[in-house]
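S.K.: If it helps, the file is called input08.pdb and holds PDB, C-alpha atoms:
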ATOM      1  CA  MET J  10     103.224 130.091  81.169
ATOM      2  CA  SER J  11     100.779 127.192  80.924
ATOM      3  CA  ALA J  12      98.658 126.486  84.015
ATOM      4  CA  ASN J  13      99.224 122.771  83.403
ATOM      5  CA  ILE J  14     102.180 121.984  85.632
ATOM      6  CA  ASN J  15     102.609 119.285  88.238
ATOM      7  CA  LEU J  16     104.687 119.171  91.411
ATOM      8  CA  ILE J  17     107.559 117.270  89.750
ATOM      9  CA  GLN J  18     107.814 119.925  87.065
ATOM     10  CA  ALA J  19     107.576 122.709  89.653
ATOM     11  CA  VAL J  20     110.468 121.404  91.756
ATOM     12  CA  ASN J  21     112.515 120.774  88.626
ATOM     13  CA  LEU J  22     111.821 124.336  87.456
ATOM     14  CA  ALA J  23     112.811 125.808  90.819
ATOM     15  CA  LEU J  24     116.105 123.902  90.820
ATOM     16  CA  ASP J  25     116.739 124.854  87.190
ATOM     17  CA  ASP J  26     116.152 128.560  87.936
ATOM     18  CA  ALA J  27     118.302 128.425  91.074
ATOM     19  CA  LEU J  28     121.172 126.718  89.243
ATOM     20  CA  ALA J  29     120.938 129.241  86.412
ATOM     21  CA  SER J  30     120.866 132.320  88.637
ATOM     22  CA  ASP J  31     123.405 131.366  91.317
ATOM     23  CA  PRO J  32     126.691 129.585  90.502
ATOM     24  CA  ASN J  33     126.988 128.472  94.132
ATOM     25  CA  VAL J  34     123.915 126.215  93.965
ATOM     26  CA  MET J  35     124.606 122.475  93.634
ATOM     27  CA  VAL J  36     122.291 119.451  93.462
ATOM     28  CA  PHE J  37     123.403 115.988  94.477
ATOM     29  CA  GLY J  38     122.021 112.701  95.719
ATOM     30  CA  GLU J  39     121.412 109.142  94.622
ATOM     31  CA  ASP J  40     120.680 108.902  90.875
ATOM     32  CA  VAL J  41     119.906 112.618  90.397
ATOM     33  CA  ALA J  42     122.024 113.053  87.233
ATOM     34  CA  ASP J  43     120.711 112.299  83.756
ATOM     35  CA  PRO J  44     122.639 109.055  83.123
ATOM     36  CA  GLN J  45     120.604 107.709  86.079
ATOM     37  CA  GLU J  46     117.323 109.229  84.747
ATOM     38  CA  GLY J  47     117.278 112.308  86.994
ATOM     39  CA  GLY J  48     116.155 110.505  90.118
ATOM     40  CA  VAL J  49     113.711 107.698  90.737
ATOM     41  CA  MET J  50     110.761 110.016  89.929
ATOM     42  CA  GLY J  51     112.608 112.136  87.364
ATOM     43  CA  VAL J  52     112.408 115.298  89.478
ATOM     44  CA  THR J  53     115.944 116.381  88.508
ATOM     45  CA  LYS J  54     115.749 115.144  84.925
ATOM     46  CA  GLY J  55     117.624 117.349  82.468
ATOM     47  CA  LEU J  56     119.492 119.369  85.069
ATOM     48  CA  SER J  57     122.892 117.673  84.786
ATOM     49  CA  THR J  58     122.774 117.896  80.999
ATOM     50  CA  LYS J  59     122.007 121.614  81.218
ATOM     51  CA  HIS J  60     124.196 122.612  84.162
ATOM     52  CA  GLY J  61     126.951 119.996  84.082
ATOM     53  CA  ASN J  62     127.896 116.916  86.061
ATOM     54  CA  VAL J  63     129.914 118.948  88.570
ATOM     55  CA  ARG J  64     126.936 120.955  89.793
ATOM     56  CA  VAL J  65     124.361 118.162  89.414
ATOM     57  CA  ARG J  66     125.876 114.855  90.369
ATOM     58  CA  SER J  67     124.813 111.397  91.403
ATOM     59  CA  THR J  68     126.288 109.997  94.599
ATOM     60  CA  PRO J  69     126.797 106.542  96.054
ATOM     61  CA  ILE J  70     124.013 105.090  98.218
ATOM     62  CA  ALA J  71     125.319 106.669 101.409
ATOM     63  CA  GLU J  72     122.817 109.011 103.069
ATOM     64  CA  GLN J  73     125.093 110.087 105.912
ATOM     65  CA  ALA J  74     127.855 110.924 103.431
ATOM     66  CA  ILE J  75     125.411 112.916 101.274
ATOM     67  CA  ILE J  76     124.368 115.130 104.183
ATOM     68  CA  GLY J  77     127.925 115.326 105.531
ATOM     69  CA  ALA J  78     129.166 116.488 102.133
ATOM     70  CA  ALA J  79     126.346 119.018 101.952
ATOM     71  CA  ILE J  80     127.230 120.448 105.355
ATOM     72  CA  GLY J  81     130.916 120.727 104.458
ATOM     73  CA  ALA J  82     130.162 122.322 101.103
ATOM     74  CA  SER J  83     127.790 124.823 102.695
ATOM     75  CA  ILE J  84     130.429 125.930 105.190
ATOM     76  CA  ALA J  85     132.760 126.492 102.215
ATOM     77  CA  GLY J  86     130.216 128.826 100.578
ATOM     78  CA  ILE J  87     128.170 126.457  98.414
ATOM     79  CA  LYS J  88     124.359 126.188  98.561
ATOM     80  CA  PRO J  89     123.747 122.425  98.285
ATOM     81  CA  VAL J  90     120.381 120.859  97.553
ATOM     82  CA  ALA J  91     120.887 117.301  98.775
ATOM     83  CA  GLU J  92     118.357 114.606  97.961
ATOM     84  CA  ILE J  93     117.549 111.790 100.351
ATOM     85  CA  MET J  94     115.407 109.619  98.129
ATOM     86  CA  LEU J  95     112.792 108.634 100.732
ATOM     87  CA  MET J  96     112.012 110.280 104.047
ATOM     88  CA  ASN J  97     112.461 107.040 105.975
ATOM     89  CA  PHE J  98     116.088 107.005 104.770
ATOM     90  CA  THR J  99     116.779 110.297 106.564
ATOM     91  CA  THR J 100     117.085 108.143 109.670
ATOM     92  CA  VAL J 101     120.439 106.916 108.300
ATOM     93  CA  ALA J 102     121.687 110.515 108.356
ATOM     94  CA  MET J 103     120.019 111.724 111.566
ATOM     95  CA  ASP J 104     123.319 112.432 113.309
ATOM     96  CA  MET J 105     124.436 114.685 110.468
ATOM     97  CA  ILE J 106     121.053 116.419 110.257
ATOM     98  CA  VAL J 107     120.212 116.818 113.948
ATOM     99  CA  ASN J 108     123.601 117.025 115.646
ATOM    100  CA  HIS J 109     125.501 118.951 112.991
ATOM    101  CA  ALA J 110     123.396 120.797 110.387
ATOM    102  CA  ALA J 111     120.811 121.974 112.901
ATOM    103  CA  LYS J 112     123.256 123.000 115.626
ATOM    104  CA  LEU J 113     126.385 124.437 114.013
ATOM    105  CA  ARG J 114     125.097 128.017 113.924
ATOM    106  CA  PHE J 115     124.109 127.873 117.599
ATOM    107  CA  MET J 116     127.313 126.142 118.703
ATOM    108  CA  SER J 117     129.517 128.578 116.747
ATOM    109  CA  GLY J 118     127.889 131.625 118.289
ATOM    110  CA  GLY J 119     126.245 132.496 115.003
ATOM    111  CA  GLN J 120     129.494 132.434 113.016
ATOM    112  CA  THR J 121     128.793 129.285 110.948
ATOM    113  CA  HIS J 122     125.677 128.921 108.860
ATOM    114  CA  VAL J 123     124.600 125.718 107.142
ATOM    115  CA  PRO J 124     122.502 126.773 104.127
ATOM    116  CA  ILE J 125     121.541 123.321 102.897
ATOM    117  CA  VAL J 126     118.236 122.051 101.528
ATOM    118  CA  ILE J 127     117.418 118.394 102.104
ATOM    119  CA  ARG J 128     114.882 117.268  99.504
ATOM    120  CA  THR J 129     113.016 114.075 100.289
ATOM    121  CA  MET J 130     109.723 112.408  99.375
ATOM    122  CA  THR J 131     107.187 110.294 101.225
ATOM    123  CA  GLY J 132     103.528 109.393 101.422
ATOM    124  CA  ALA J 133     101.320 106.322 101.545
ATOM    125  CA  GLY J 134      99.309 104.992  98.612
ATOM    126  CA  PHE J 135     101.785 102.893  96.651
ATOM    127  CA  SER J 136     102.032  99.829  98.914
ATOM    128  CA  THR J 137     105.689 100.566  99.568
ATOM    129  CA  GLY J 138     105.370  99.653 103.224
ATOM    130  CA  GLY J 139     106.645 100.782 106.555
ATOM    131  CA  GLN J 140     110.205 101.657 105.515
ATOM    132  CA  HIS J 141     109.334 103.871 102.527
ATOM    133  CA  ALA J 142     106.227 105.934 103.191
ATOM    134  CA  ASP J 143     106.239 107.456 106.691
ATOM    135  CA  PHE J 144     105.616 111.145 107.277
ATOM    136  CA  LEU J 145     108.307 112.031 109.826
ATOM    137  CA  GLU J 146     107.995 115.819 109.869
ATOM    138  CA  SER J 147     107.349 116.022 113.606
ATOM    139  CA  TRP J 148     110.791 114.446 114.284
ATOM    140  CA  PHE J 149     112.487 117.344 112.528
ATOM    141  CA  ALA J 150     110.072 120.010 113.766
ATOM    142  CA  HIS J 151     111.126 118.963 117.279
ATOM    143  CA  THR J 152     114.730 119.961 116.498
ATOM    144  CA  ALA J 153     115.620 123.626 116.920
ATOM    145  CA  GLY J 154     117.645 124.934 114.004
ATOM    146  CA  LEU J 155     115.761 123.124 111.251
ATOM    147  CA  LYS J 156     113.012 124.476 109.051
ATOM    148  CA  VAL J 157     110.468 121.933 107.784
ATOM    149  CA  VAL J 158     108.553 122.703 104.597
ATOM    150  CA  ILE J 159     105.789 120.627 102.938
ATOM    151  CA  PRO J 160     104.104 122.108  99.831
ATOM    152  CA  SER J 161     100.721 120.957  98.576
ATOM    153  CA  THR J 162     100.622 122.662  95.167
ATOM    154  CA  PRO J 163     103.092 123.064  92.301
ATOM    155  CA  ALA J 164     103.180 126.859  92.662
ATOM    156  CA  ASP J 165     103.902 126.587  96.378
ATOM    157  CA  ALA J 166     106.571 123.954  95.735
ATOM    158  CA  TYR J 167     108.358 126.298  93.348
ATOM    159  CA  GLY J 168     108.261 129.379  95.554
ATOM    160  CA  LEU J 169     109.055 127.548  98.775
ATOM    161  CA  MET J 170     112.005 125.703  97.194
ATOM    162  CA  LEU J 171     113.560 129.002  96.103
ATOM    163  CA  SER J 172     113.116 130.376  99.625
ATOM    164  CA  CYS J 173     114.720 127.270 101.116
ATOM    165  CA  ILE J 174     117.743 127.645  98.813
ATOM    166  CA  ASP J 175     118.062 131.308  99.858
ATOM    167  CA  ASP J 176     117.730 130.526 103.569
ATOM    168  CA  PRO J 177     120.964 130.674 105.601
ATOM    169  CA  ASP J 178     119.927 127.675 107.723
ATOM    170  CA  PRO J 179     119.095 124.021 106.946
ATOM    171  CA  CYS J 180     115.658 123.269 105.478
ATOM    172  CA  ILE J 181     113.919 119.906 105.172
ATOM    173  CA  PHE J 182     111.795 120.019 102.004
ATOM    174  CA  VAL J 183     109.229 117.206 101.969
ATOM    175  CA  GLU J 184     107.599 116.229  98.674
ATOM    176  CA  ASN J 185     104.355 114.245  98.912
ATOM    177  CA  MET J 186     104.543 111.372  96.407
ATOM    178  CA  PRO J 187     100.777 111.109  95.789
ATOM    179  CA  LEU J 188     100.773 114.799  94.796
ATOM    180  CA  TYR J 189     103.634 114.503  92.297
ATOM    181  CA  TRP J 190     101.311 114.146  89.305
ATOM    182  CA  THR J 191      98.612 116.577  90.435
ATOM    183  CA  ASN J 192      98.406 119.565  88.163
ATOM    184  CA  GLY J 193      97.998 123.070  89.480
ATOM    185  CA  GLU J 194      98.527 126.726  88.765
ATOM    186  CA  ALA J 195     101.972 127.451  87.402
ATOM    187  CA  PRO J 196     104.274 129.586  89.546
ATOM    188  CA  GLU J 197     105.372 133.097  88.731
ATOM    189  CA  ARG J 198     109.035 132.685  87.858
ATOM    190  CA  HIS J 199     111.611 133.718  90.457
ATOM    191  CA  VAL J 200     108.943 134.693  93.021
ATOM    192  CA  ARG J 201     109.685 133.366  96.503
ATOM    193  CA  ILE J 202     107.060 132.268  99.035
ATOM    194  CA  PRO J 203     108.128 133.216 102.572
ATOM    195  CA  LEU J 204     108.907 130.341 104.922
ATOM    196  CA  GLY J 205     106.765 130.146 108.047
ATOM    197  CA  LYS J 206     103.689 131.622 106.395
ATOM    198  CA  ALA J 207     100.498 129.577 106.095
ATOM    199  CA  LYS J 208      97.915 130.079 103.352
ATOM    200  CA  MET J 209      94.156 130.334 103.716
ATOM    201  CA  VAL J 210      92.876 128.219 100.846
ATOM    202  CA  ARG J 211      89.193 128.549 101.701
ATOM    203  CA  GLU J 212      87.531 131.160 103.862
ATOM    204  CA  GLY J 213      84.841 130.159 106.341
ATOM    205  CA  SER J 214      83.177 131.148 109.589
ATOM    206  CA  ASP J 215      81.963 128.016 111.449
ATOM    207  CA  VAL J 216      85.076 125.832 111.857
ATOM    208  CA  THR J 217      88.740 125.857 110.774
ATOM    209  CA  ILE J 218      90.538 122.837 109.306
ATOM    210  CA  ILE J 219      94.327 123.191 109.675
ATOM    211  CA  THR J 220      96.302 120.829 107.489
ATOM    212  CA  TYR J 221      99.051 120.388 104.853
ATOM    213  CA  ALA J 222     100.187 118.164 101.962
ATOM    214  CA  ARG J 223      97.512 116.083 100.246
ATOM    215  CA  GLN J 224      95.061 116.395 103.142
ATOM    216  CA  VAL J 225      94.545 119.986 101.968
ATOM    217  CA  PHE J 226      92.544 118.584  99.065
ATOM    218  CA  ASP J 227      90.585 116.221 101.307
ATOM    219  CA  ALA J 228      89.794 119.138 103.601
ATOM    220  CA  LEU J 229      88.570 121.221 100.668
ATOM    221  CA  ALA J 230      86.323 118.370  99.529
ATOM    222  CA  VAL J 231      84.874 118.097 103.033
ATOM    223  CA  ALA J 232      84.397 121.861 103.200
ATOM    224  CA  GLU J 233      82.472 121.752  99.936
ATOM    225  CA  LYS J 234      80.211 119.036 101.331
ATOM    226  CA  PHE J 235      79.440 121.095 104.443
ATOM    227  CA  ALA J 236      78.748 124.147 102.304
ATOM    228  CA  LYS J 237      75.779 122.287 100.834
ATOM    229  CA  GLU J 238      74.471 121.940 104.388
ATOM    230  CA  GLY J 239      74.880 125.638 105.067
ATOM    231  CA  LYS J 240      78.045 125.267 107.161
ATOM    232  CA  SER J 241      81.077 127.404 106.409
ATOM    233  CA  VAL J 242      84.463 125.674 106.770
ATOM    234  CA  GLU J 243      87.757 127.558 106.618
ATOM    235  CA  VAL J 244      90.826 125.633 105.417
ATOM    236  CA  ILE J 245      94.389 126.616 106.307
ATOM    237  CA  ASP J 246      97.398 125.078 104.507
ATOM    238  CA  LEU J 247     100.355 125.349 106.898
ATOM    239  CA  ARG J 248     102.982 124.939 104.124
ATOM    240  CA  THR J 249     105.737 125.270 106.750
ATOM    241  CA  ILE J 250     105.655 122.960 109.769
ATOM    242  CA  SER J 251     108.585 124.616 111.512
ATOM    243  CA  PRO J 252     108.311 127.474 112.156
ATOM    244  CA  LEU J 253     104.538 127.262 112.528
ATOM    245  CA  ASP J 254     102.496 130.266 111.468
ATOM    246  CA  GLU J 255     100.865 130.610 114.864
ATOM    247  CA  GLU J 256      99.494 134.044 114.017
ATOM    248  CA  ALA J 257      97.478 132.675 111.077
ATOM    249  CA  ILE J 258      96.247 129.676 113.074
ATOM    250  CA  LEU J 259      95.053 131.740 116.018
ATOM    251  CA  ALA J 260      93.494 134.408 113.805
ATOM    252  CA  SER J 261      91.415 131.821 111.978
ATOM    253  CA  VAL J 262      90.374 129.808 115.033
ATOM    254  CA  GLY J 263      89.761 133.018 116.965
ATOM    255  CA  LYS J 264      87.175 133.800 114.304
ATOM    256  CA  THR J 265      85.524 130.397 113.869
ATOM    257  CA  ARG J 266      86.043 129.246 117.511
ATOM    258  CA  ARG J 267      86.249 125.626 116.360
ATOM    259  CA  ALA J 268      89.230 123.719 114.908
ATOM    260  CA  VAL J 269      90.206 120.373 113.395
ATOM    261  CA  VAL J 270      93.861 119.539 112.679
ATOM    262  CA  VAL J 271      94.524 116.957 109.970
ATOM    263  CA  HIS J 272      97.705 115.223 108.788
ATOM    264  CA  GLU J 273      98.869 111.929 107.281
ATOM    265  CA  ALA J 274     101.520 111.328 109.948
ATOM    266  CA  VAL J 275     100.477 109.173 112.880
ATOM    267  CA  LYS J 276      98.285 111.005 115.360
ATOM    268  CA  ASN J 277     100.468 110.241 118.375
ATOM    269  CA  CYS J 278     102.865 113.116 119.156
ATOM    270  CA  GLY J 279     102.246 114.580 115.722
ATOM    271  CA  VAL J 280     102.045 118.146 114.453
ATOM    272  CA  GLY J 281      98.350 118.067 115.335
ATOM    273  CA  ALA J 282      99.188 117.748 119.014
ATOM    274  CA  GLU J 283     101.396 120.844 118.878
ATOM    275  CA  VAL J 284      98.865 122.901 116.941
ATOM    276  CA  SER J 285      96.018 121.776 119.199
ATOM    277  CA  SER J 286      97.964 122.654 122.324
ATOM    278  CA  ARG J 287      98.836 126.132 121.061
ATOM    279  CA  ILE J 288      95.182 126.797 120.253
ATOM    280  CA  HIS J 289      94.044 125.664 123.686
ATOM    281  CA  GLU J 290      96.765 127.695 125.423
ATOM    282  CA  SER J 291      95.774 130.914 123.648
ATOM    283  CA  LEU J 292      92.057 130.560 122.911
ATOM    284  CA  TYR J 293      90.693 128.249 125.593
ATOM    285  CA  ALA J 294      88.083 130.691 126.847
ATOM    286  CA  LYS J 295      86.850 131.415 123.316
ATOM    287  CA  LEU J 296      86.573 127.862 121.979
ATOM    288  CA  LEU J 297      83.104 126.423 121.485
ATOM    289  CA  ALA J 298      84.463 122.843 121.325
ATOM    290  CA  PRO J 299      87.714 120.982 122.034
ATOM    291  CA  VAL J 300      90.149 120.914 119.098
ATOM    292  CA  GLN J 301      89.873 117.667 117.139
ATOM    293  CA  ARG J 302      92.857 115.821 115.649
ATOM    294  CA  VAL J 303      92.775 113.492 112.620
ATOM    295  CA  GLY J 304      95.898 111.487 111.817
ATOM    296  CA  ALA J 305      97.062 108.054 110.752
ATOM    297  CA  ALA J 306      96.864 104.988 112.954
ATOM    298  CA  PHE J 307      99.739 104.472 115.396
ATOM    299  CA  CYS J 308     101.525 101.788 113.372
ATOM    300  CA  PRO J 309     103.976 101.493 110.464
ATOM    301  CA  VAL J 310     102.520 102.125 106.998
ATOM    302  CA  PRO J 311     101.077  98.710 105.939
ATOM    303  CA  PHE J 312     102.132  96.882 102.760
ATOM    304  CA  SER J 313      98.603  95.518 102.300
ATOM    305  CA  LYS J 314      96.616  97.843 100.067
ATOM    306  CA  PRO J 315      93.347  97.561 102.066
ATOM    307  CA  LEU J 316      95.231  98.156 105.320
ATOM    308  CA  GLU J 317      97.189 101.033 103.805
ATOM    309  CA  THR J 318      93.936 102.630 102.655
ATOM    310  CA  ALA J 319      92.554 102.269 106.167
ATOM    311  CA  PHE J 320      95.759 103.697 107.638
ATOM    312  CA  VAL J 321      95.590 107.053 105.846
ATOM    313  CA  PRO J 322      93.144 109.665 107.196
ATOM    314  CA  THR J 323      90.050 109.766 105.003
ATOM    315  CA  GLN J 324      87.548 112.419 104.054
ATOM    316  CA  ASP J 325      85.015 110.496 106.154
ATOM    317  CA  ALA J 326      87.289 110.812 109.206
ATOM    318  CA  ILE J 327      87.714 114.544 108.614
ATOM    319  CA  GLU J 328      83.978 114.981 108.163
ATOM    320  CA  ALA J 329      83.285 113.098 111.389
ATOM    321  CA  ALA J 330      85.741 115.303 113.291
ATOM    322  CA  VAL J 331      84.109 118.452 111.923
ATOM    323  CA  ARG J 332      80.671 117.161 112.918
ATOM    324  CA  ARG J 333      81.934 116.505 116.458
ATOM    325  CA  THR J 334      83.098 120.096 116.782
ATOM    326  CA  LEU J 335      79.851 121.468 115.373
ATOM    327  CA  ALA J 336      77.756 119.301 117.705
ATOM    328  CA  ALA J 337      79.604 120.324 120.862
TER     329      ALA J 337
END
Translate the structure of the given file into structure tokens.

M.R.:
Amino acid sequence: MSANINLIQAVNLALDDALASDPNVMVFGEDVADPQEGGVMGVTKGLSTKHGNVRVRSTPIAEQAIIGAAIGASIAGIKPVAEIMLMNFTTVAMDMIVNHAAKLRFMSGGQTHVPIVIRTMTGAGFSTGGQHADFLESWFAHTAGLKVVIPSTPADAYGLMLSCIDDPDPCIFVENMPLYWTNGEAPERHVRIPLGKAKMVREGSDVTIITYARQVFDALAVAEKFAKEGKSVEVIDLRTISPLDEEAILASVGKTRRAVVVHEAVKNCGVGAEVSSRIHESLYAKLLAPVQRVGAAFCPVPFSKPLETAFVPTQDAIEAAVRRTLAA
């Protein structure tokens, strides 16, 4: 297979393979069928033509109904992949996601599983403003019963999507819009990537950067810059926000004894706070410096392009955080 594949193609390929190999898999959401161009970004393009309008179908603009239908179908034995076009729109369906999908297994004493995947996309950089570009992963990570997955590469997107479809419980699968057209290594077909397992994308010994989504690439760029100064930066891609791969985080920081957590979501009450706290709880006596957090400003994503650019964590901000840890 060609190494030239982007994240859109990877998700499409994962859905195509899942639909082909399991007759219980369905895909539905607003505009996902081919008469509506396979979704606003074309992620599901070609799937309804290949697998039929029953298994790949467009729905009305009704987010709560989409998730409600997915929950009902899953209880009846179907494996639905439901698309909520933008992550901000999941708020319309929060009752279905948080009070029903996440809790039915617990409230039924383990008798009722809800094997749904909720695909959604988000990310700043397109001047789409405060109602279209928020990273809201910490909201869902705070809810027991949900898995939250955010791939950074096409190969990870493919393998993680297949694992989400196989999972007996609800998964939130977040696609980062700015990464949609970034090419990467093609996946090995039908190979799953385990949920809850982080990936070391660069080995180092002086400080660990823990991150996910597009900030993985910013972290790697910063690590390369420090390498020219003789400093060794390790980079960990979480890939799954809930459950967190605490073992991988603590193993890396236990080695480097310094850590910086980076994400695009606002810094306040974000994933960085949880990761930082776990590191301090387990490694306080070993740390050479307090854990640093880098996140977006505590405000809605701005429409204004200059303000939006200032809102998103930059490589300069990551570099400054690393320098603070090294100077301590």

S.K.: Pull the neighbourhood of (100.2, 134.2, 113.2) for me: all residues within 12 Å in file coordinates, counting all atoms listed in the file, as a PyMOL selection string.

M.R.: chain J and resi 205-209+245+247+252-263+284+287-288+291

S.K.: Would you export the selected residues with C-alpha atoms as a tab-separated table (two decimals), in the frame of the given file, please?

M.R.:
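Saved file selection_35.tsv follows:
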chain	number	residue	atom	x	y	z
J	205	GLY	CA	106.76	130.15	108.05
J	206	LYS	CA	103.69	131.62	106.40
J	207	ALA	CA	100.50	129.58	106.10
J	208	LYS	CA	97.92	130.08	103.35
J	209	MET	CA	94.16	130.33	103.72
J	245	ILE	CA	94.39	126.62	106.31
J	247	LEU	CA	100.36	125.35	106.90
J	252	PRO	CA	108.31	127.47	112.16
J	253	LEU	CA	104.54	127.26	112.53
J	254	ASP	CA	102.50	130.27	111.47
J	255	GLU	CA	100.86	130.61	114.86
J	256	GLU	CA	99.49	134.04	114.02
J	257	ALA	CA	97.48	132.68	111.08
J	258	ILE	CA	96.25	129.68	113.07
J	259	LEU	CA	95.05	131.74	116.02
J	260	ALA	CA	93.49	134.41	113.80
J	261	SER	CA	91.42	131.82	111.98
J	262	VAL	CA	90.37	129.81	115.03
J	263	GLY	CA	89.76	133.02	116.96
J	284	VAL	CA	98.86	122.90	116.94
J	287	ARG	CA	98.84	126.13	121.06
J	288	ILE	CA	95.18	126.80	120.25
J	291	SER	CA	95.77	130.91	123.65

S.K.: I'd like the neighbourhood of J:Thr249 as a ChimeraX atom specification, where a residue qualifies if any of its atoms comes within 12 Å (using all atoms listed in the file), though same-chain residues fewer than 5 positions away should be ignored.

M.R.: /J:146-147,149-150,155-161,165-166,169-170,172-173,180-183,202-208,219-222,254-255,257,280

S.K.: Excluding J:Gly77 and any residue of its chain fewer than 2 positions from it, enumerate the residues within 12 Å of it, using only C-alpha atoms, and give them as number ranges by chain.

M.R.: J: 37-38, 71-75, 79-84, 89, 91, 101-110, 123, 125, 127

S.K.: Around stretch 132-150 of chain J, fit a box with edges along x, y and z, padding it by 6 Å on each side, then list its centre and edge lengths in Å to one decimal as JSON.

M.R.:
{"center_x": 105.9, "center_y": 109.8, "center_z": 105.5, "size_x": 25.2, "size_y": 32.4, "size_z": 29.6}

S.K.: Please list as JSON, numbers by chain every residue within 8 Å of J:Ala111, counting all atoms listed in the file and excluding residues in the same chain fewer than 6 positions away.

M.R.: {"J": [123, 152, 153, 154, 155, 178, 179]}

S.K.: Using only C-alpha atoms, can you tell me which of J:Arg332, J:Arg128, J:Arg66, J:Lys59 comes closest to J:Ala42?

M.R.: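 Result for the nearest residue to J:Ala42: J:Arg66.
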
S.K.: Specify as a PDB file with C-alpha atoms, keeping the file's coordinate frame each residue included when the PyMOL selection byres ((chain J and resi 223-232) around 8) is applied to this file.

M.R.:
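Writing done, so here's part_26.pdb:
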ATOM      1  CA  SER J 161     100.721 120.957  98.576  1.00  0.00           C
ATOM      2  CA  ASN J 185     104.355 114.245  98.912  1.00  0.00           C
ATOM      3  CA  PRO J 187     100.777 111.109  95.789  1.00  0.00           C
ATOM      4  CA  LEU J 188     100.773 114.799  94.796  1.00  0.00           C
ATOM      5  CA  ARG J 211      89.193 128.549 101.701  1.00  0.00           C
ATOM      6  CA  ILE J 218      90.538 122.837 109.306  1.00  0.00           C
ATOM      7  CA  THR J 220      96.302 120.829 107.489  1.00  0.00           C
ATOM      8  CA  TYR J 221      99.051 120.388 104.853  1.00  0.00           C
ATOM      9  CA  ALA J 222     100.187 118.164 101.962  1.00  0.00           C
ATOM     10  CA  GLU J 233      82.472 121.752  99.936  1.00  0.00           C
ATOM     11  CA  LYS J 234      80.211 119.036 101.331  1.00  0.00           C
ATOM     12  CA  PHE J 235      79.440 121.095 104.443  1.00  0.00           C
ATOM     13  CA  ALA J 236      78.748 124.147 102.304  1.00  0.00           C
ATOM     14  CA  SER J 241      81.077 127.404 106.409  1.00  0.00           C
ATOM     15  CA  VAL J 242      84.463 125.674 106.770  1.00  0.00           C
ATOM     16  CA  GLU J 243      87.757 127.558 106.618  1.00  0.00           C
ATOM     17  CA  VAL J 244      90.826 125.633 105.417  1.00  0.00           C
ATOM     18  CA  ILE J 245      94.389 126.616 106.307  1.00  0.00           C
ATOM     19  CA  ASP J 246      97.398 125.078 104.507  1.00  0.00           C
ATOM     20  CA  VAL J 271      94.524 116.957 109.970  1.00  0.00           C
ATOM     21  CA  HIS J 272      97.705 115.223 108.788  1.00  0.00           C
ATOM     22  CA  GLU J 273      98.869 111.929 107.281  1.00  0.00           C
ATOM     23  CA  THR J 323      90.050 109.766 105.003  1.00  0.00           C
ATOM     24  CA  GLN J 324      87.548 112.419 104.054  1.00  0.00           C
ATOM     25  CA  ILE J 327      87.714 114.544 108.614  1.00  0.00           C
ATOM     26  CA  GLU J 328      83.978 114.981 108.163  1.00  0.00           C
TER      27      GLU J 328
END

S.K.: Please provide as a PDB file with C-alpha atoms, keeping the file's coordinate frame all residues within 9 Å of J:Val20, with the sequence filter that same-chain residues fewer than 4 positions apart are discarded (counting all atoms listed in the file).

M.R.:
ATOM      1  CA  ASN J  15     102.609 119.285  88.238  1.00  0.00           C
ATOM      2  CA  LEU J  16     104.687 119.171  91.411  1.00  0.00           C
ATOM      3  CA  LEU J  24     116.105 123.902  90.820  1.00  0.00           C
ATOM      4  CA  ASP J  25     116.739 124.854  87.190  1.00  0.00           C
ATOM      5  CA  VAL J  52     112.408 115.298  89.478  1.00  0.00           C
ATOM      6  CA  THR J  53     115.944 116.381  88.508  1.00  0.00           C
ATOM      7  CA  PRO J 163     103.092 123.064  92.301  1.00  0.00           C
ATOM      8  CA  ALA J 166     106.571 123.954  95.735  1.00  0.00           C
ATOM      9  CA  TYR J 167     108.358 126.298  93.348  1.00  0.00           C
ATOM     10  CA  MET J 170     112.005 125.703  97.194  1.00  0.00           C
TER      11      MET J 170
END

S.K.: Which value, in Å to one decimal, gives the distance between atom CA of J:Arg267 and atom CA of J:Glu317?

M.R.: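 These two atoms are separated by 29.7 Å.
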
S.K.: Within 12 Å of (94.0, 123.9, 122.2), only C-alpha atoms: residues as JSON, numbers by chain?

M.R.: {"J": [258, 259, 262, 263, 266, 267, 268, 269, 270, 281, 282, 283, 284, 285, 286, 287, 288, 289, 290, 291, 292, 293, 294, 295, 296, 297, 298, 299, 300, 301, 302]}

S.K.: When you draw a straight line from atom CA of J:Ile87 to atom CA of J:Arg198, how long is it in Å?

M.R.: 22.7 Å

S.K.: Work out how far apart atom CA of J:Gly51 and atom CA of J:Asn21 are and give it in Å to one decimal.

M.R.: 8.7 Å

S.K.: Convert the output of the PyMOL selection byres ((chain J and resi 321) around 9) on the shown file into explicit residues, formatted as a PyMOL selection string.

M.R.: chain J and resi 133-134+272-275+304-306+310+316-320+322-323

S.K.: So which residues touch J:Pro44 within 10 Å, counting all atoms listed in the file, skipping near sequence neighbours fewer than 2 positions away, as an NGL selection string?

M.R.: :J and (40-42 or 46-48 or 54-55 or 57-58 or 62 or 66-67)

S.K.: Enumerate, as a CSV table (one decimal) with C-alpha atoms, in the frame of the given file, the residues matched when the PyMOL selection byres ((chain J and resi 28-34) around 8) is run on the file above.

M.R.:
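To be explicit, this is the file written out as expr17.csv:
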chain,number,residue,atom,x,y,z
J,24,LEU,CA,116.1,123.9,90.8
J,25,ASP,CA,116.7,124.9,87.2
J,26,ASP,CA,116.2,128.6,87.9
J,27,ALA,CA,118.3,128.4,91.1
J,35,MET,CA,124.6,122.5,93.6
J,36,VAL,CA,122.3,119.5,93.5
J,60,HIS,CA,124.2,122.6,84.2
J,64,ARG,CA,126.9,121.0,89.8
J,86,GLY,CA,130.2,128.8,100.6
J,87,ILE,CA,128.2,126.5,98.4
J,88,LYS,CA,124.4,126.2,98.6
J,89,PRO,CA,123.7,122.4,98.3
J,90,VAL,CA,120.4,120.9,97.6
J,174,ILE,CA,117.7,127.6,98.8
